[in-house]
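Structure file input-v3.cif (mmCIF, C-alpha atoms) follows.
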data_final
#
loop_
_atom_site.group_PDB
_atom_site.id
_atom_site.type_symbol
_atom_site.label_atom_id
_atom_site.label_comp_id
_atom_site.auth_asym_id
_atom_site.auth_seq_id
_atom_site.Cartn_x
_atom_site.Cartn_y
_atom_site.Cartn_z
ATOM 1 C CA MET Y 25 0.000 0.000 0.000
ATOM 2 C CA THR Y 26 1.323 3.436 -0.865
ATOM 3 C CA LYS Y 27 2.170 6.010 1.791
ATOM 4 C CA ALA Y 28 1.945 9.768 1.674
ATOM 5 C CA ARG Y 29 5.305 11.438 1.121
ATOM 6 C CA CYS Y 30 5.028 13.239 4.477
ATOM 7 C CA GLU Y 31 4.935 9.801 6.129
ATOM 8 C CA GLN Y 32 7.967 8.544 4.171
ATOM 9 C CA ILE Y 33 10.325 11.497 4.645
ATOM 10 C CA SER Y 34 11.449 12.939 7.958
ATOM 11 C CA LEU Y 35 13.707 15.948 7.506
ATOM 12 C CA SER Y 36 14.444 16.068 11.233
ATOM 13 C CA ASP Y 37 15.812 12.489 11.119
ATOM 14 C CA THR Y 38 17.460 12.616 7.692
ATOM 15 C CA PRO Y 39 17.878 16.055 6.091
ATOM 16 C CA TRP Y 40 19.840 14.711 3.084
ATOM 17 C CA TYR Y 41 18.505 12.536 0.302
ATOM 18 C CA HIS Y 42 20.145 11.113 -2.783
ATOM 19 C CA VAL Y 43 17.757 10.934 -5.716
ATOM 20 C CA VAL Y 44 18.368 8.445 -8.498
ATOM 21 C CA ASN Y 45 16.709 8.288 -11.878
ATOM 22 C CA ARG Y 46 17.100 5.635 -14.530
ATOM 23 C CA CYS Y 47 15.887 5.041 -18.048
ATOM 24 C CA VAL Y 48 13.979 2.059 -19.380
ATOM 25 C CA ARG Y 49 14.768 -0.315 -22.257
ATOM 26 C CA ARG Y 50 18.517 0.366 -22.085
ATOM 27 C CA ALA Y 51 17.881 3.961 -23.194
ATOM 28 C CA TYR Y 52 20.700 6.438 -22.600
ATOM 29 C CA LEU Y 53 20.002 9.716 -20.842
ATOM 30 C CA CYS Y 54 23.509 11.220 -21.098
ATOM 31 C CA GLY Y 55 26.860 10.071 -22.368
ATOM 32 C CA ILE Y 56 27.753 7.844 -25.281
ATOM 33 C CA ASP Y 57 25.804 4.654 -25.875
ATOM 34 C CA GLN Y 58 28.410 1.897 -26.101
ATOM 35 C CA VAL Y 59 26.196 -0.268 -28.327
ATOM 36 C CA SER Y 60 25.078 2.259 -30.942
ATOM 37 C CA GLY Y 61 27.923 4.754 -30.537
ATOM 38 C CA GLN Y 62 25.362 7.579 -30.467
ATOM 39 C CA SER Y 63 26.159 10.567 -28.242
ATOM 40 C CA PHE Y 64 23.529 11.964 -25.892
ATOM 41 C CA GLU Y 65 25.809 14.611 -24.347
ATOM 42 C CA HIS Y 66 23.539 17.379 -25.665
ATOM 43 C CA ARG Y 67 20.974 16.419 -23.002
ATOM 44 C CA ARG Y 68 23.268 17.052 -20.040
ATOM 45 C CA ASP Y 69 22.844 20.856 -19.956
ATOM 46 C CA TRP Y 70 19.074 20.595 -20.502
ATOM 47 C CA ILE Y 71 18.743 18.175 -17.575
ATOM 48 C CA GLU Y 72 20.811 20.394 -15.278
ATOM 49 C CA GLN Y 73 18.729 23.461 -16.145
ATOM 50 C CA ARG Y 74 15.500 21.528 -15.629
ATOM 51 C CA ILE Y 75 16.609 20.249 -12.208
ATOM 52 C CA LEU Y 76 17.526 23.781 -11.115
ATOM 53 C CA GLN Y 77 14.187 25.124 -12.357
ATOM 54 C CA LEU Y 78 12.235 22.413 -10.547
ATOM 55 C CA ALA Y 79 14.264 22.983 -7.383
ATOM 56 C CA SER Y 80 13.147 26.607 -7.323
ATOM 57 C CA VAL Y 81 9.513 25.576 -7.745
ATOM 58 C CA PHE Y 82 9.627 22.930 -5.019
ATOM 59 C CA THR Y 83 11.923 24.961 -2.711
ATOM 60 C CA ILE Y 84 14.680 22.376 -2.377
ATOM 61 C CA ASP Y 85 18.441 22.860 -2.430
ATOM 62 C CA ILE Y 86 20.602 21.219 -5.041
#

Translate this file's structure into C-alpha cells.
Amino acid sequence: MTKARCEQISLSDTPWYHVVNRCVRRAYLCGIDQVSGQSFEHRRDWIEQRILQLASVFTIDI
C-alpha cells in the first residue's frame, strides 16, 4: 500500500537525500551509448537546467 510522502520522509531524522533516476529499455540519458555509438551529451545541460528550475519551484536545495 502506498504512503503519503510526508509519512515517508522525515527531515528532522534525515535532512539529506540522494535521488536516483534511470531510463527504461537500455535507453541512454547522457553520455555515449556503447552499443550504438550515439552521443547523448547534448541532453546534459538541458537536464541540469530543468533540475535547477524544478528545485526553485519545489523549494529544495541542489

| remark: Ile84 in chain Y proximity check over Y:Met25, Y:Gln58, Y:Asn45, Y:Leu35, using only C-alpha atoms: winner is Y:Leu35

| field | From Y:Lys27, Y:Ser36, Y:Ile86, Y:Arg68, residue lying nearest Tyr52 in chain Y [all atoms listed in the file] | value |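 The shortest atom-to-atom distance to Tyr52 in chain Y comes from Y:Arg68.
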
| If you measure from CA of Asp85 in chain Y to CA of Trp40 in chain Y, what distance in Å do you get, rounded to one decimal? | 9.9 Å

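The coordinates place CA of Ser80 in chain Y at 23.0 Å from CA of His66 in chain Y.
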
| What is the CA of Ala51 in chain Y to CA of Ser63 in chain Y distance in Å? |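 Pair CA of Ala51 in chain Y / CA of Ser63 in chain Y returns 11.7 Å.
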
With 8 Å added on each side, what axis-aligned box encloses every listed atom of range 45-53 of chain Y? Give the centre and edge lengths in Å to one decimal, as lines of an AutoDock Vina configuration file.
center_x = 17.3
center_y = 4.7
center_z = -17.5
size_x = 22.7
size_y = 26.0
size_z = 27.3
